[in-house]
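Printed here is protein_34.txt (compact mmCIF, C-alpha atoms):
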# COMPACT_ATOMS: atom_id res chain seq x y z
CA MET J 1 0.00 0.00 0.00
CA ASN J 2 1.37 3.41 -1.00
CA LEU J 3 -0.21 6.67 0.12
CA GLU J 4 1.03 10.14 -0.81
CA SER J 5 0.33 13.49 0.77
CA LYS J 6 -0.28 16.57 -1.32
CA LYS J 7 2.81 18.55 -2.18
CA THR J 8 3.21 21.53 0.18
CA THR J 9 5.27 24.62 -0.64
CA ILE J 10 7.36 25.99 2.20
CA ASN J 11 9.09 29.37 2.27
CA LYS J 12 12.36 27.81 3.41
CA SER J 13 15.28 26.33 1.52
CA SER J 14 15.41 22.58 1.02
CA GLN J 15 18.38 22.48 3.43
CA GLU J 16 16.37 24.24 6.18
CA VAL J 17 13.45 21.83 5.70
CA PHE J 18 15.82 18.85 5.65
CA ASP J 19 17.57 20.04 8.83
CA PHE J 20 14.20 20.43 10.59
CA LEU J 21 12.94 16.97 9.57
CA SER J 22 16.32 15.40 10.44
CA GLU J 23 15.73 16.21 14.12
CA VAL J 24 13.28 13.56 15.28
CA LYS J 25 12.18 15.71 18.24
CA ASN J 26 10.67 18.17 15.73
CA PHE J 27 8.06 15.60 14.67
CA GLU J 28 6.19 16.38 17.90
CA LYS J 29 5.39 19.82 16.41
CA LEU J 30 3.88 18.14 13.33
CA MET J 31 1.62 15.66 15.08
CA PRO J 32 -2.19 15.88 14.92
CA GLU J 33 -4.17 17.25 17.85
CA ASN J 34 -5.29 13.75 18.89
CA ILE J 35 -1.76 12.70 19.89
CA SER J 36 -1.74 10.97 23.25
CA LYS J 37 2.00 10.28 23.60
CA PHE J 38 5.30 11.45 22.09
CA GLU J 39 8.72 10.42 23.33
CA VAL J 40 12.19 10.78 21.81
CA LEU J 41 13.99 7.46 22.37
CA ASP J 42 17.37 8.50 20.95
CA ASP J 43 18.89 10.75 18.24
CA ASP J 44 17.19 8.91 15.42
CA LYS J 45 14.16 7.22 16.99
CA PHE J 46 10.86 8.33 18.52
CA LEU J 47 7.65 6.81 19.81
CA PHE J 48 4.19 8.26 19.35
CA ALA J 49 0.59 7.25 19.87
CA LEU J 50 -2.66 8.73 18.66
CA LYS J 51 -5.79 8.33 20.77
CA GLY J 52 -7.30 4.90 20.18
CA MET J 53 -4.27 3.60 18.25
CA PRO J 54 -1.29 1.49 19.34
CA GLU J 55 2.11 3.07 20.00
CA ILE J 56 4.35 3.33 16.94
CA ILE J 57 8.14 3.63 16.99
CA LEU J 58 9.76 5.33 13.99
CA LYS J 59 13.48 5.27 13.30
CA LYS J 60 15.51 7.27 10.79
CA LYS J 61 16.54 4.68 8.19
CA GLU J 62 18.04 6.77 5.38
CA VAL J 63 19.01 10.40 4.78
CA VAL J 64 19.98 11.98 1.47
CA PRO J 65 20.76 15.63 2.24
CA PRO J 66 18.97 17.88 1.45
CA ASN J 67 16.27 16.02 -0.47
CA LYS J 68 15.11 12.86 1.30
CA ILE J 69 14.49 11.44 4.75
CA VAL J 70 13.20 7.91 5.30
CA LEU J 71 11.65 6.89 8.60
CA GLY J 72 10.73 3.27 9.14
CA ALA J 73 9.03 1.09 11.70
CA ALA J 74 11.39 0.14 14.50
CA GLY J 75 10.08 -3.09 15.90
CA GLY J 76 6.52 -4.24 16.00
CA LYS J 77 4.73 -6.64 13.70
CA ILE J 78 4.15 -4.28 10.78
CA ASP J 79 6.88 -3.07 8.43
CA PHE J 80 6.33 0.31 6.81
CA SER J 81 8.17 3.49 5.88
CA LEU J 82 7.44 7.20 5.77
CA VAL J 83 9.47 9.06 3.16
CA GLY J 84 9.86 12.83 3.10
CA ASP J 85 10.81 14.12 -0.36
CA ILE J 86 12.06 17.71 -0.45
CA THR J 87 12.40 19.50 -3.80
CA ASP J 88 14.03 22.87 -4.42
CA ILE J 89 11.90 25.55 -6.01
CA ASP J 90 14.49 28.30 -5.52
CA GLU J 91 16.98 29.26 -2.80
CA ASN J 92 14.22 30.39 -0.42
CA SER J 93 11.44 27.89 -1.04
CA SER J 94 10.89 24.18 -1.49
CA ASP J 95 8.18 21.56 -1.88
CA VAL J 96 7.63 18.70 0.56
CA LYS J 97 5.69 15.51 -0.04
CA LEU J 98 5.30 12.57 2.34
CA THR J 99 4.82 9.01 1.13
CA PHE J 100 3.71 6.12 3.33
CA SER J 101 4.56 2.60 2.11
CA GLY J 102 3.74 -0.68 3.76
CA ASP J 103 2.95 -4.27 2.96
CA PHE J 104 -0.44 -5.06 4.48
CA ASN J 105 -3.06 -7.71 3.90
CA PRO J 106 -6.16 -6.37 2.11
CA MET J 107 -8.29 -6.25 5.28
CA MET J 108 -5.66 -4.32 7.25
CA ALA J 109 -5.04 -1.97 4.30
CA MET J 110 -8.75 -1.18 4.10
CA MET J 111 -8.90 -0.40 7.83
CA ILE J 112 -5.84 1.86 8.01
CA LYS J 113 -5.97 3.65 4.65
CA GLY J 114 -8.20 6.50 5.88
CA PRO J 115 -6.45 7.17 9.19
CA ILE J 116 -2.96 6.96 7.64
CA SER J 117 -3.93 9.28 4.76
CA LYS J 118 -5.27 11.81 7.25
CA PHE J 119 -2.15 11.44 9.41
CA ILE J 120 0.37 12.12 6.61
CA ASP J 121 -1.75 15.02 5.31
CA THR J 122 -1.74 16.55 8.81
CA LEU J 123 2.04 16.19 9.09
CA THR J 124 2.52 17.86 5.70
CA VAL J 125 0.12 20.72 6.47
CA ASN J 126 1.87 21.38 9.79
CA ILE J 127 5.41 21.60 8.36
CA PRO J 128 5.26 25.23 7.11
CA ASN J 129 4.00 26.51 10.48
CA ALA J 130 6.45 24.45 12.54
CA ILE J 131 9.70 25.46 10.85
In structure tokens, how does this file's structure come out?
Amino acid sequence: MNLESKKTTINKSSQEVFDFLSEVKNFEKLMPENISKFEVLDDDKFLFALKGMPEIILKKKEVVPPNKIVLGAAGGKIDFSLVGDITDIDENSSDVKLTFSGDFNPMMAMMIKGPISKFIDTLTVNIPNAI
């Protein structure tokens, strides 16, 4: 299952956006209002939970400065990734798009598609205000 957020334009350079997203503690500023827990576990790993959902641990898996950050599931039964693609527009602005990828059975995919789509859209919408 692959889900993509809308592309969001940010009035910051791709390097500034990359630097912000590289700090896992900054993801707390991007979370939806229904977050019930957020905890930085180390420099490249954090745990979060949304109300009514299980805790999820994300770990930085790959970085390609200043254009790509890949976060992946750290433990748990489900393997998935969240990719942030950052594209230069000019020296003072860039586009950001988040992509969620995971291998789920059809029943699970049907159940989580809506909440995950809403989640990645919320993260993307919150980036310009958080930086």
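You will find atom CA of J:Ser22 at 29.7 Å from atom CA of J:Met108.
With all atoms listed in the file as the atoms that count, the residue of J:Asp79, J:Glu39, J:Asp19, J:Asp88 with the shortest distance to J:Phe100 is J:Asp79.
Going from atom CA of J:Thr8 to atom CA of J:Lys61 covers 22.9 Å.
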**OP:** Write out as a VMD selection string each polymer residue whose atoms come within 9 Å of stretch 115-130 of chain J, counting only C-alpha atoms; drop sequence neighbours fewer than 6 positions from it.
**Re:** chain J and resid 3 to 12 17 20 to 21 26 to 27 29 to 32 82 96 to 100
**OP:** Would you mind reading off the distance between atom CA of J:Met1 and atom CA of J:Ser101, one decimal, in Å?
**Re:** 5.7 Å
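Checking J:Leu47, J:Ile69, J:Met53, J:Met111 one by one against J:Asn34, counting only C-alpha atoms, you find the shortest gap at J:Met53.
Counting only C-alpha atoms, J:Glu55 has the following residues at most 12 Å away, ignoring those fewer than 2 positions along the same chain: Ile35, Ser36, Lys37, Phe38, Glu39, Phe46, Leu47, Phe48, Ala49, Leu50, Lys51, Gly52, Met53, Ile57, Leu58, Ala73, Ala74, Gly75, Gly76, Lys77 and Ile78 of chain J.
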Original post:
Which is closer to J:Asp95 than all the others in J:Lys68, J:Lys60, J:Pro54, J:Leu41, using all atoms listed in the file?
Top reply: J:Lys68
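Nearest residue to J:Gln15 among J:Val40, J:Val64, J:Val70, J:Ala109 is J:Val64, counting only C-alpha atoms.
Each of J:Lys113, J:Ile131, J:Asn2, J:Asn92 was checked against J:Phe80 using all atoms listed in the file; the smallest atom-to-atom distance is that of J:Asn2.
Proximity ranking of J:Asp85, J:Glu91, J:Glu28, J:Asp103 relative to J:Pro65 places J:Asp85 first, based on all atoms listed in the file.
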